[in-house]
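my_file.txt, holding compact mmCIF, C-alpha atoms:
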# COMPACT_ATOMS: atom_id res chain seq x y z
CA MET A 1146 176.93 35.97 91.16
CA PRO A 1147 176.41 36.29 94.86
CA PRO A 1148 173.84 38.99 95.77
CA LYS A 1149 175.25 42.33 96.98
CA GLY A 1150 174.83 42.55 100.68
CA LYS A 1151 174.05 45.87 102.33
CA GLY A 1152 176.77 45.14 104.76
CA ASP A 1153 179.52 45.12 102.05
CA LYS A 1154 181.07 48.53 102.56
CA LYS A 1155 184.70 49.26 101.82
CA LYS A 1156 186.71 50.92 104.46
CA VAL A 1157 187.75 54.34 103.15
CA ASP A 1158 191.11 55.71 104.30
CA PRO A 1159 190.42 59.30 105.44
CA ALA A 1160 193.81 60.51 104.12
CA LYS A 1161 193.08 59.29 100.62
CA ARG A 1162 189.46 60.30 100.61
CA ASN A 1163 189.65 63.70 98.83
CA ARG A 1164 192.21 62.82 96.23
CA ILE A 1165 189.86 62.33 93.34
CA SER A 1166 186.76 64.41 93.69
CA LYS A 1167 183.47 62.75 92.86
CA TRP A 1168 182.09 65.95 91.51
CA TYR A 1169 183.30 67.96 88.51
CA PRO A 1170 181.77 71.08 86.98
CA ALA A 1171 179.04 70.60 84.39
CA ASP A 1172 180.48 73.21 81.97
CA ASP A 1173 184.08 73.41 80.77
CA GLU A 1174 186.01 76.20 82.38
CA LYS A 1175 187.85 78.67 80.20
CA ARG A 1176 191.54 78.19 80.62
CA HIS A 1177 193.56 81.32 79.96
CA PHE A 1178 196.94 81.01 78.28
CA THR A 1179 199.74 81.90 80.64
CA ARG A 1180 203.30 82.49 79.49
CA LYS A 1181 206.04 80.48 81.04
CA TYR A 1182 208.06 83.66 81.46
CA ARG A 1183 206.93 87.15 82.26
CA THR A 1184 208.59 89.09 79.44
CA PRO A 1185 209.76 87.76 76.06
CA LYS A 1186 213.50 87.24 75.73
CA VAL A 1187 215.55 89.88 73.99
CA ALA A 1188 216.65 88.52 70.61
CA ALA A 1189 220.36 87.76 70.50
CA LEU A 1190 222.37 89.62 67.90
CA ARG A 1191 222.86 87.53 64.78
CA LYS A 1192 226.35 86.11 64.38
CA ASN A 1193 227.12 87.88 61.14
CA ILE A 1194 226.07 91.36 62.32
CA ALA A 1195 228.73 93.54 63.93
CA PRO A 1196 228.90 97.27 64.72
CA GLY A 1197 229.95 99.29 61.71
CA GLN A 1198 228.51 96.84 59.23
CA VAL A 1199 226.42 97.93 56.28
CA LEU A 1200 222.92 96.44 56.41
CA ILE A 1201 220.21 96.36 53.76
CA LEU A 1202 216.78 97.27 55.13
CA LEU A 1203 214.04 94.99 53.90
CA GLY A 1204 210.87 96.67 55.02
CA GLY A 1205 209.20 99.94 55.72
CA ARG A 1206 209.68 103.30 54.12
CA PHE A 1207 213.40 102.82 53.67
CA LYS A 1208 213.34 99.37 52.16
CA GLY A 1209 216.32 98.66 49.94
CA LYS A 1210 218.42 101.34 51.60
CA ARG A 1211 221.90 100.49 52.75
CA VAL A 1212 222.52 101.74 56.29
CA VAL A 1213 225.26 101.57 58.91
CA PHE A 1214 224.64 99.47 62.02
CA LEU A 1215 225.71 101.22 65.22
CA LYS A 1216 224.70 99.06 68.17
CA GLN A 1217 222.02 96.80 69.57
CA LEU A 1218 219.63 98.51 71.98
CA LYS A 1219 218.32 97.01 75.20
CA SER A 1220 215.03 96.11 73.58
CA GLY A 1221 216.90 93.95 71.10
CA LEU A 1222 216.33 96.26 68.16
CA LEU A 1223 219.27 97.46 66.10
CA LEU A 1224 220.24 101.13 66.07
CA VAL A 1225 221.09 102.20 62.53
CA THR A 1226 221.76 105.44 60.72
CA GLY A 1227 221.87 106.30 56.97
CA PRO A 1228 223.84 108.51 57.62
CA HIS A 1229 221.02 110.95 57.07
CA LYS A 1230 222.90 113.24 54.69
CA ILE A 1231 223.87 110.35 52.47
CA ASN A 1232 220.62 108.46 52.04
CA GLY A 1233 217.95 110.13 54.16
CA VAL A 1234 217.74 107.47 56.84
CA PRO A 1235 217.90 109.03 60.33
CA LEU A 1236 218.90 107.35 63.58
CA LYS A 1237 216.45 104.52 63.51
CA ARG A 1238 215.53 101.32 65.30
CA VAL A 1239 215.23 98.24 63.15
CA ASN A 1240 214.37 94.63 63.86
CA GLN A 1241 217.20 92.35 62.80
CA ALA A 1242 214.72 90.02 61.12
CA TYR A 1243 214.08 92.69 58.51
CA VAL A 1244 217.70 93.20 57.58
CA ILE A 1245 220.31 91.63 55.30
CA PRO A 1246 223.85 92.05 56.64
CA THR A 1247 226.49 92.70 53.97
CA ALA A 1248 230.19 92.02 54.17
CA THR A 1249 231.08 95.71 54.03
CA LYS A 1250 232.20 97.40 57.24
CA VAL A 1251 232.52 101.08 58.06
CA ASP A 1252 235.04 102.37 60.56
CA LEU A 1253 233.21 103.59 63.68
CA ALA A 1254 236.15 105.53 65.14
CA GLY A 1255 234.93 108.75 66.69
CA VAL A 1256 231.26 107.77 66.56
CA ASN A 1257 229.66 107.98 69.98
CA VAL A 1258 226.09 106.76 70.39
CA SER A 1259 226.32 105.67 74.01
CA THR A 1260 223.68 108.23 75.03
CA VAL A 1261 221.13 106.81 72.62
CA ASP A 1262 218.80 104.12 73.87
CA ASP A 1263 215.15 103.12 73.47
CA ASP A 1264 213.88 106.17 75.37
CA TYR A 1265 215.44 108.38 72.67
CA PHE A 1266 212.64 107.11 70.44
CA ALA A 1267 209.79 107.39 72.95
CA ARG A 1268 206.97 109.58 71.72
CA ALA A 1269 205.15 112.13 73.84
CA LYS A 1270 201.65 110.87 74.63
CA VAL A 1271 199.01 112.41 72.40
CA GLN A 1272 195.75 113.13 74.18
CA LYS A 1273 192.87 111.79 72.18
CA ALA A 1274 190.13 114.32 71.64
CA LYS A 1275 186.72 113.40 72.95
CA LYS A 1276 184.42 111.78 70.49
CA SER A 1277 182.43 114.74 69.37
CA GLU A 1278 181.20 116.03 66.08
CA GLU A 1279 183.79 118.80 66.06
CA ALA A 1280 186.62 116.42 66.69
CA PHE A 1281 185.44 114.15 63.92
CA PHE A 1282 185.49 116.90 61.33
CA ALA A 1283 188.58 118.62 62.68
CA THR A 1284 191.75 118.59 60.56
CA ALA A 1285 194.74 116.48 61.58
CA GLN A 1286 195.71 117.16 65.12
CA GLU A 1287 198.63 119.50 65.60
CA LYS A 1288 201.57 118.01 67.37
CA PRO A 1289 201.89 119.26 70.91
CA GLU A 1290 204.73 121.64 71.71
CA GLU A 1291 206.66 118.88 73.42
CA GLU A 1292 206.69 116.76 70.29
CA LYS A 1293 207.84 119.62 68.11
CA LYS A 1294 210.68 120.38 70.49
CA ARG A 1295 211.70 116.77 70.65
CA ILE A 1296 211.75 116.45 66.86
CA ALA A 1297 213.79 119.64 66.47
CA GLU A 1298 216.27 118.35 69.03
CA LYS A 1299 216.57 115.08 67.21
CA LYS A 1300 217.33 116.81 63.92
CA GLY A 1301 220.09 118.77 65.60
CA LYS A 1302 221.56 115.69 67.20
CA GLN A 1303 221.44 113.70 63.97
CA ALA A 1304 224.11 115.88 62.36
CA GLN A 1305 226.21 115.58 65.50
CA PHE A 1306 226.11 111.79 65.48
CA ASP A 1307 226.64 111.47 61.74
CA ALA A 1308 229.58 113.87 61.29
CA PRO A 1309 232.44 111.53 62.31
CA LEU A 1310 230.75 108.63 60.55
CA ILE A 1311 230.53 110.54 57.26
CA GLN A 1312 234.22 111.45 57.53
CA ASN A 1313 235.10 107.77 57.87
CA ILE A 1314 232.88 106.87 54.94
CA LYS A 1315 234.51 109.43 52.66
CA LYS A 1316 237.89 107.78 53.19
CA VAL A 1317 236.75 104.63 51.39
CA ASP A 1318 236.46 104.80 47.63
CA GLN A 1319 232.89 104.73 46.31
CA LEU A 1320 231.44 103.86 49.74
CA LYS A 1321 229.41 107.08 49.91
CA SER A 1322 227.67 106.48 46.58
CA TYR A 1323 227.20 102.82 47.53
CA LEU A 1324 225.29 103.89 50.64
CA SER A 1325 223.15 106.37 48.73
CA ALA A 1326 222.07 103.74 46.20
CA ARG A 1327 219.16 101.42 46.93
CA PHE A 1328 219.44 97.66 46.66
CA THR A 1329 217.18 96.08 44.03
CA LEU A 1330 216.78 92.64 42.55
CA THR A 1331 217.26 92.50 38.81
CA ASN A 1332 216.89 89.81 36.21
CA ARG A 1333 218.83 86.61 36.78
CA MET A 1334 219.72 87.59 40.37
CA ARG A 1335 219.13 84.66 42.70
CA PRO A 1336 219.11 85.95 46.29
CA HIS A 1337 219.68 82.50 47.78
CA GLU A 1338 222.90 82.19 45.76
CA LEU A 1339 224.17 85.71 46.32
CA HIS A 1340 226.89 86.55 48.77
CA PHE A 1341 226.13 89.79 50.53
CA MET B 393 237.79 68.67 15.42
CA VAL B 394 239.88 66.30 17.43
CA SER B 395 242.20 67.71 20.04
CA ASN B 396 245.67 66.22 20.27
CA ASN B 397 245.79 66.32 24.05
CA TYR B 398 245.98 62.56 24.51
CA ILE B 399 245.12 60.84 27.72
CA ARG B 400 248.35 59.58 29.17
CA VAL B 401 250.06 59.34 32.51
CA GLY B 402 251.18 62.82 33.42
CA ARG B 403 248.50 64.65 31.40
CA MET B 404 247.01 67.63 33.20
CA ILE B 405 243.25 67.55 33.25
CA ARG B 406 240.36 69.71 34.35
CA ILE B 407 237.30 68.14 35.95
CA ILE B 408 234.08 69.19 34.27
CA ARG B 409 231.15 68.45 36.62
CA GLY B 410 230.40 67.56 40.18
CA PRO B 411 231.68 68.76 43.54
CA ARG B 412 235.21 69.09 42.10
CA ALA B 413 234.07 71.02 39.03
CA ASN B 414 236.78 73.18 37.40
CA LYS B 415 239.53 71.70 39.57
CA VAL B 416 242.78 70.71 37.93
CA GLY B 417 244.77 67.51 38.39
CA VAL B 418 247.30 65.14 36.90
CA ILE B 419 246.59 61.67 35.51
CA VAL B 420 248.58 59.27 37.64
CA ASP B 421 247.33 55.99 36.14
CA ILE B 422 244.90 54.77 33.52
CA ILE B 423 242.58 52.18 34.99
CA ASP B 424 240.66 51.10 31.90
CA ALA B 425 239.04 52.58 28.81
CA ASN B 426 236.73 54.75 30.90
CA ARG B 427 238.52 55.66 34.11
CA VAL B 428 241.70 57.33 35.23
CA LEU B 429 243.39 57.91 38.55
CA VAL B 430 243.76 61.61 39.19
CA GLU B 431 245.60 63.68 41.77
CA ASN B 432 246.67 67.22 42.62
CA PRO B 433 248.78 67.40 45.79
CA GLU B 434 248.49 71.19 45.92
CA ASP B 435 244.69 71.12 46.12
CA GLY B 436 243.18 70.02 49.43
CA LYS B 437 240.23 68.27 47.81
CA MET B 438 242.10 66.58 44.98
CA TRP B 439 243.58 63.60 46.72
CA ARG B 440 244.22 60.52 44.63
CA HIS B 441 240.86 59.39 43.29
CA VAL B 442 239.15 57.86 40.28
CA GLN B 443 237.53 60.00 37.60
CA ASN B 444 235.49 58.86 34.63
CA LEU B 445 237.00 60.09 31.37
CA LYS B 446 233.62 61.59 30.49
CA ASN B 447 234.10 64.02 33.34
CA VAL B 448 237.64 64.94 32.36
CA GLU B 449 238.92 67.60 29.97
CA PRO B 450 242.55 66.99 28.95
CA LEU B 451 244.62 70.16 28.95
CA LYS B 452 247.60 70.89 26.77
CA PHE B 453 250.03 70.51 29.66
CA ASN B 454 252.04 67.43 30.56
CA VAL B 455 253.95 66.58 33.67
CA PRO B 456 256.87 64.13 33.52
CA ILE B 457 255.87 61.42 35.99
CA SER B 458 255.98 57.65 35.77
CA ARG B 459 252.90 55.45 36.14
CA ASN B 460 251.69 55.27 39.75
CA ALA B 461 254.17 57.86 40.94
CA THR B 462 253.86 58.71 44.60
CA THR B 463 252.16 61.88 45.78
CA LYS B 464 255.53 63.38 46.66
CA GLN B 465 256.86 62.70 43.16
CA VAL B 466 253.79 64.23 41.58
CA ALA B 467 254.11 67.32 43.79
CA ALA B 468 257.81 67.67 42.92
CA ALA B 469 257.13 67.32 39.19
CA LEU B 470 254.37 69.93 39.30
CA THR B 471 256.52 72.53 41.07
CA ASP B 472 259.49 71.82 38.78
CA LYS B 473 257.55 72.35 35.60
CA LYS B 474 255.32 75.07 37.08
CA SER B 475 252.45 73.56 35.14
CA LEU B 476 249.80 74.90 37.51
CA GLU B 477 251.02 78.47 37.01
CA LYS B 478 251.12 77.94 33.25
CA TYR B 479 247.55 76.69 33.35
CA ALA B 480 246.43 79.64 35.46
CA ALA B 481 247.75 81.97 32.74
CA THR B 482 245.52 80.45 30.05
CA LYS B 483 242.35 82.14 28.85
CA THR B 484 239.97 79.44 30.06
CA ALA B 485 241.51 79.42 33.52
CA LYS B 486 241.13 83.19 33.72
CA LYS B 487 237.53 82.94 32.54
CA ILE B 488 236.73 80.36 35.22
CA ALA B 489 238.47 82.48 37.84
CA ALA B 490 236.41 85.51 36.78
CA GLN B 491 233.17 83.51 36.99
CA ASP B 492 234.09 82.35 40.49
CA ALA B 493 234.96 85.88 41.53
CA LEU B 494 231.57 87.13 40.32
CA ALA B 495 229.71 84.34 42.08
CA ASN B 496 231.48 85.04 45.36
CA SER B 497 231.38 88.81 45.10
CA THR B 498 229.91 90.90 47.86
CA ASP B 499 227.13 93.46 47.43
CA PHE B 500 229.68 96.32 47.46
CA GLU B 501 231.81 94.65 44.77
CA ARG B 502 228.78 94.12 42.57
CA TYR B 503 227.89 97.80 42.99
CA GLN B 504 231.42 98.84 41.99
CA LEU B 505 231.21 96.59 38.94
CA ARG B 506 227.94 98.19 37.89
CA VAL B 507 229.38 101.69 38.29
CA ALA B 508 232.47 100.71 36.29
CA LYS B 509 230.37 99.34 33.41
CA ARG B 510 228.15 102.40 33.43
CA SER B 511 231.02 104.87 33.42
CA ARG B 512 232.88 102.93 30.72
CA ALA B 513 229.80 103.09 28.51
CA HIS B 514 229.40 106.79 29.27
CA TRP B 515 232.99 107.68 28.38
CA ALA B 516 233.02 105.48 25.30
CA ARG B 517 229.93 107.26 24.04
CA LYS B 518 231.38 110.67 24.84
CA ILE B 519 234.64 110.07 23.00
CA PHE B 520 232.79 108.49 20.08
CA ASP B 521 230.49 111.50 19.78
CA GLU B 522 233.46 113.87 19.87
CA ASN B 523 235.18 112.00 17.06
CA ASP B 524 231.94 111.66 15.19
CA SER B 525 231.33 115.40 15.11
CA LYS B 526 234.80 115.93 13.59
CA ALA B 527 234.64 113.18 11.00
CA PRO B 528 231.47 111.17 10.52
CA VAL B 529 231.93 107.57 11.68
CA SER B 530 228.46 106.58 12.88
CA PHE B 531 225.98 105.15 10.40
CA HIS B 532 223.45 107.92 10.54
CA LYS B 533 226.03 110.64 10.12
CA LYS B 534 227.56 108.91 7.14
CA LEU B 535 224.16 108.61 5.52
CA LEU B 536 223.46 112.24 6.24
CA LYS B 537 226.70 113.26 4.56
CA LYS B 538 225.82 111.22 1.48
CA LEU B 539 222.37 112.78 1.30
CA GLN B 540 223.78 116.25 1.61
CA LYS B 541 226.25 115.58 -1.22
CA THR B 542 223.62 114.28 -3.63
CA SER B 543 221.10 116.97 -2.76
CA ALA B 544 223.73 119.72 -3.15
CA LYS B 545 224.08 118.77 -6.81
CA VAL B 546 220.34 118.76 -7.46
CA ASP B 547 219.50 121.88 -5.49
CA LYS B 548 221.76 124.04 -7.67
CA LYS B 549 219.41 123.67 -10.65
CA ASP B 550 216.85 126.41 -11.38
CA GLY B 551 213.79 124.22 -11.13
CA ALA B 552 214.85 122.93 -7.73
CA LYS B 553 215.57 126.46 -6.50
CA LYS B 554 212.05 127.56 -7.50
CA ARG B 555 210.45 124.58 -5.72
CA ILE B 556 212.47 125.21 -2.58
CA SER B 557 211.54 128.93 -2.45
CA LYS B 558 207.83 128.06 -2.95
CA ALA B 559 207.91 125.47 -0.15
CA GLN B 560 209.63 127.93 2.17
CA ALA B 561 207.00 130.59 1.42
CA ARG B 562 204.23 128.07 2.15
CA SER B 563 205.65 127.06 5.51
CA LYS B 564 206.10 130.73 6.44
CA ALA B 565 202.45 131.41 5.66
CA ARG B 566 201.37 128.41 7.75
CA LEU B 567 203.39 129.58 10.72
CA ALA B 568 201.97 133.11 10.36
CA LYS B 569 198.41 131.65 10.39
CA LYS B 570 199.18 129.66 13.56
CA ALA B 571 200.50 132.79 15.25
CA VAL B 572 197.33 134.71 14.27
CA LYS B 573 195.09 131.90 15.64
CA LYS B 574 196.83 132.03 18.98
Turn the structure described in the file into structure tokens.
Amino acid sequence: MPPKGKGDKKKVDPAKRNRISKWYPADDEKRHFTRKYRTPKVAALRKNIAPGQVLILLGGRFKGKRVVFLKQLKSGLLLVTGPHKINGVPLKRVNQAYVIPTATKVDLAGVNVSTVDDDYFARAKVQKAKKSEEAFFATAQEKPEEEKKRIAEKKGKQAQFDAPLIQNIKKVDQLKSYLSARFTLTNRMRPHELHF
Amino acid sequence: MVSNNYIRVGRMIRIIRGPRANKVGVIVDIIDANRVLVENPEDGKMWRHVQNLKNVEPLKFNVPISRNATTKQVAAALTDKKSLEKYAATKTAKKIAAQDALANSTDFERYQLRVAKRSRAHWARKIFDENDSKAPVSFHKKLLKKLQKTSAKVDKKDGAKKRISKAQARSKARLAKKAVKK
């Protein structure tokens, strides 16, 4: 091998010089996960769910209850109602992943829920008490006046929304008692083979 | 028990297993000892095809067609004789139809079925109890009647009357003691 001469220096093109840096940091930098989009997409309404349909709730306090689907809200959640007088379920938001749609449909003529949207369900902000001994031993915080008003209003409106719906339900034989019954799995029932 | 529904051209058959289970067709030709050519022009999935005789249940209906009749001829013969309607009126056909209906029923239909069964049982029991109170039909009431008859004869005798009055006095005393304790 010929000896390296001090004079052997490559000509470096100034434009290309800073492309690959000679130096890199000694420690790995933390890379934070960034979403490709700012807000998650609103879930599209499932094909077999339509307004007026009876849905079976699968989770939460009202699991197994059969409710009437009214409309999809802007947040993507489904607006459903028992109706409240029939099975105790009020106007409620439900994620369509936690729902089984049945083939039964209720007539929605005369039912107007256009004024209801996600802000109908917004709660008044509860101020957290300072962390003190008194607060720790205090009984459950009383709801502020705003909240109480809002809840009372809601109860009043519930009857208003449900009235035409209940009339429509009464026209169909046995539909009212069907909605007041809960769905359960019994022996020999195979949910993957059932038609809902 | 051998059935006399012989395999022949024109015999109506029901398919036992597989994707065409419970479908009905007509034997158009006999291929060999194990296989037949089957067709039902009125069923979309029963075009002319081969079935193994092990998968075939011969019905008691026949259709007058010649061997290898065309699809049109088979269709004409079926409508003339109305064999498919006759088959649909049989018990087994109705049973199969009921099974299918249950399997394809919606949640609401199943609920209605449950309510119907429950109310039928309720009313049957009610009417039975009404009739039972008039004239004993149920086992326990019949037994009770028998017992009462036999005991009526025995209780008339003096010795029995004494025993009964003693026992009654005893139970009275016991009850009185209980009342005092309280």
Near chain B, which residues of chain A fall within 8 Å when you count all atoms listed in the file, and what do they look like as a CSV table (one decimal) with C-alpha atoms, in the coordinates of the input?
chain,number,residue,atom,x,y,z
A,1247,THR,CA,226.5,92.7,54.0
A,1248,ALA,CA,230.2,92.0,54.2
A,1249,THR,CA,231.1,95.7,54.0
A,1319,GLN,CA,232.9,104.7,46.3
A,1323,TYR,CA,227.2,102.8,47.5
A,1339,LEU,CA,224.2,85.7,46.3
A,1340,HIS,CA,226.9,86.6,48.8
A,1341,PHE,CA,226.1,89.8,50.5
Exercise for review: Excluding A:Val1251 and residues on its chain fewer than 4 positions from it, collect all residues at most 12 Å away from it, counting all atoms listed in the file, and give them as an MDAnalysis selection string.
Suggested key: (chainID A and resid 1195:1200 1211:1215 1226:1228 1247 1255:1256 1309:1318 1320:1321 1323:1324) or (chainID B and resid 500)
**Study point:** Separation of atom CA of B:Glu431 from atom CA of B:Ile457 in Å
**Key:** 12.0 Å
Practice item. Name all residues at most 7 Å from B:Val401 (count all atoms listed in the file; drop same-chain ones fewer than 2 positions away) and give them as a VMD selection string. Key: chain B and resid 403 419 to 422 458 to 459
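Across the structure, atom CA of A:Ser1322 and atom CA of A:Gly1209 are spaced 14.2 Å apart.
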Exercise for review: Please provide as a list in words all residues within 8 Å of stretch 1174-1191 of chain A, with the sequence filter that same-chain residues fewer than 6 positions apart are discarded (counting all atoms listed in the file).
Suggested key: Gln1217, Lys1219, Ser1220, Gly1221 and Gln1241 of chain A
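Among the candidates A:Ala1267, A:Thr1329, A:Pro1235, A:Leu1202, the residue lying nearest to A:Gly1301 is A:Pro1235 (atoms considered: all atoms listed in the file).
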Since the input has fewer atoms than a full residue there, write stretch 1245-1275 of chain A out with N, CA and C atoms, as a CSV table (one decimal), in the frame of the given file.
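As a result, rebuild-v2.csv now contains:
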chain,number,residue,atom,x,y,z
A,1245,ILE,N,219.3,92.5,55.8
A,1245,ILE,CA,220.3,91.6,55.3
A,1245,ILE,C,221.7,92.2,55.6
A,1246,PRO,N,222.5,91.5,56.4
A,1246,PRO,CA,223.8,92.0,56.6
A,1246,PRO,C,224.8,91.8,55.4
A,1247,THR,N,225.5,92.9,55.1
A,1247,THR,CA,226.5,92.7,54.0
A,1247,THR,C,227.9,92.5,54.6
A,1248,ALA,N,228.8,92.2,53.7
A,1248,ALA,CA,230.2,92.0,54.2
A,1248,ALA,C,231.0,93.3,54.4
A,1249,THR,N,230.4,94.4,54.0
A,1249,THR,CA,231.1,95.7,54.0
A,1249,THR,C,231.0,96.3,55.4
A,1250,LYS,N,232.2,96.8,55.9
A,1250,LYS,CA,232.2,97.4,57.2
A,1250,LYS,C,232.7,98.8,57.2
A,1251,VAL,N,232.1,99.7,58.0
A,1251,VAL,CA,232.5,101.1,58.1
A,1251,VAL,C,233.2,101.3,59.4
A,1252,ASP,N,234.3,102.1,59.4
A,1252,ASP,CA,235.0,102.4,60.6
A,1252,ASP,C,234.2,103.2,61.5
A,1253,LEU,N,234.0,102.8,62.7
A,1253,LEU,CA,233.2,103.6,63.7
A,1253,LEU,C,234.1,104.4,64.6
A,1254,ALA,N,235.3,104.7,64.3
A,1254,ALA,CA,236.2,105.5,65.1
A,1254,ALA,C,235.6,106.9,65.3
A,1255,GLY,N,235.4,107.4,66.5
A,1255,GLY,CA,234.9,108.8,66.7
A,1255,GLY,C,233.4,108.8,66.8
A,1256,VAL,N,232.7,107.8,66.5
A,1256,VAL,CA,231.3,107.8,66.6
A,1256,VAL,C,230.8,107.4,68.0
A,1257,ASN,N,230.1,108.2,68.6
A,1257,ASN,CA,229.7,108.0,70.0
A,1257,ASN,C,228.1,108.0,70.1
A,1258,VAL,N,227.5,106.8,70.2
A,1258,VAL,CA,226.1,106.8,70.4
A,1258,VAL,C,225.7,106.1,71.7
A,1259,SER,N,226.6,106.3,72.7
A,1259,SER,CA,226.3,105.7,74.0
A,1259,SER,C,225.1,106.3,74.7
A,1260,THR,N,224.8,107.6,74.4
A,1260,THR,CA,223.7,108.2,75.0
A,1260,THR,C,222.3,107.8,74.4
A,1261,VAL,N,222.4,107.2,73.3
A,1261,VAL,CA,221.1,106.8,72.6
A,1261,VAL,C,220.6,105.5,73.1
A,1262,ASP,N,219.4,105.4,73.5
A,1262,ASP,CA,218.8,104.1,73.9
A,1262,ASP,C,217.3,104.2,73.5
A,1263,ASP,N,216.5,103.2,73.9
A,1263,ASP,CA,215.2,103.1,73.5
A,1263,ASP,C,214.3,104.3,73.8
A,1264,ASP,N,214.7,105.0,75.0
A,1264,ASP,CA,213.9,106.2,75.4
A,1264,ASP,C,214.1,107.4,74.5
A,1265,TYR,N,215.2,107.3,73.7
A,1265,TYR,CA,215.4,108.4,72.7
A,1265,TYR,C,214.3,108.4,71.7
A,1266,PHE,N,213.7,107.2,71.4
A,1266,PHE,CA,212.6,107.1,70.4
A,1266,PHE,C,211.2,107.2,71.0
A,1267,ALA,N,211.1,107.4,72.3
A,1267,ALA,CA,209.8,107.4,73.0
A,1267,ALA,C,209.0,108.6,72.5
A,1268,ARG,N,207.8,108.5,72.2
A,1268,ARG,CA,207.0,109.6,71.7
A,1268,ARG,C,206.2,110.2,72.9
A,1269,ALA,N,206.0,111.5,72.8
A,1269,ALA,CA,205.2,112.1,73.8
A,1269,ALA,C,203.7,111.6,73.6
A,1270,LYS,N,203.0,111.4,74.7
A,1270,LYS,CA,201.6,110.9,74.6
A,1270,LYS,C,200.7,111.9,74.0
A,1271,VAL,N,200.0,111.5,73.0
A,1271,VAL,CA,199.0,112.4,72.4
A,1271,VAL,C,197.7,112.2,73.0
A,1272,GLN,N,197.1,113.3,73.6
A,1272,GLN,CA,195.8,113.1,74.2
A,1272,GLN,C,194.7,113.0,73.1
A,1273,LYS,N,193.9,112.0,73.2
A,1273,LYS,CA,192.9,111.8,72.2
A,1273,LYS,C,191.7,112.7,72.5
A,1274,ALA,N,191.3,113.4,71.5
A,1274,ALA,CA,190.1,114.3,71.6
A,1274,ALA,C,188.9,113.5,71.9
A,1275,LYS,N,188.0,114.1,72.6
A,1275,LYS,CA,186.7,113.4,73.0
A,1275,LYS,C,185.9,113.2,71.7
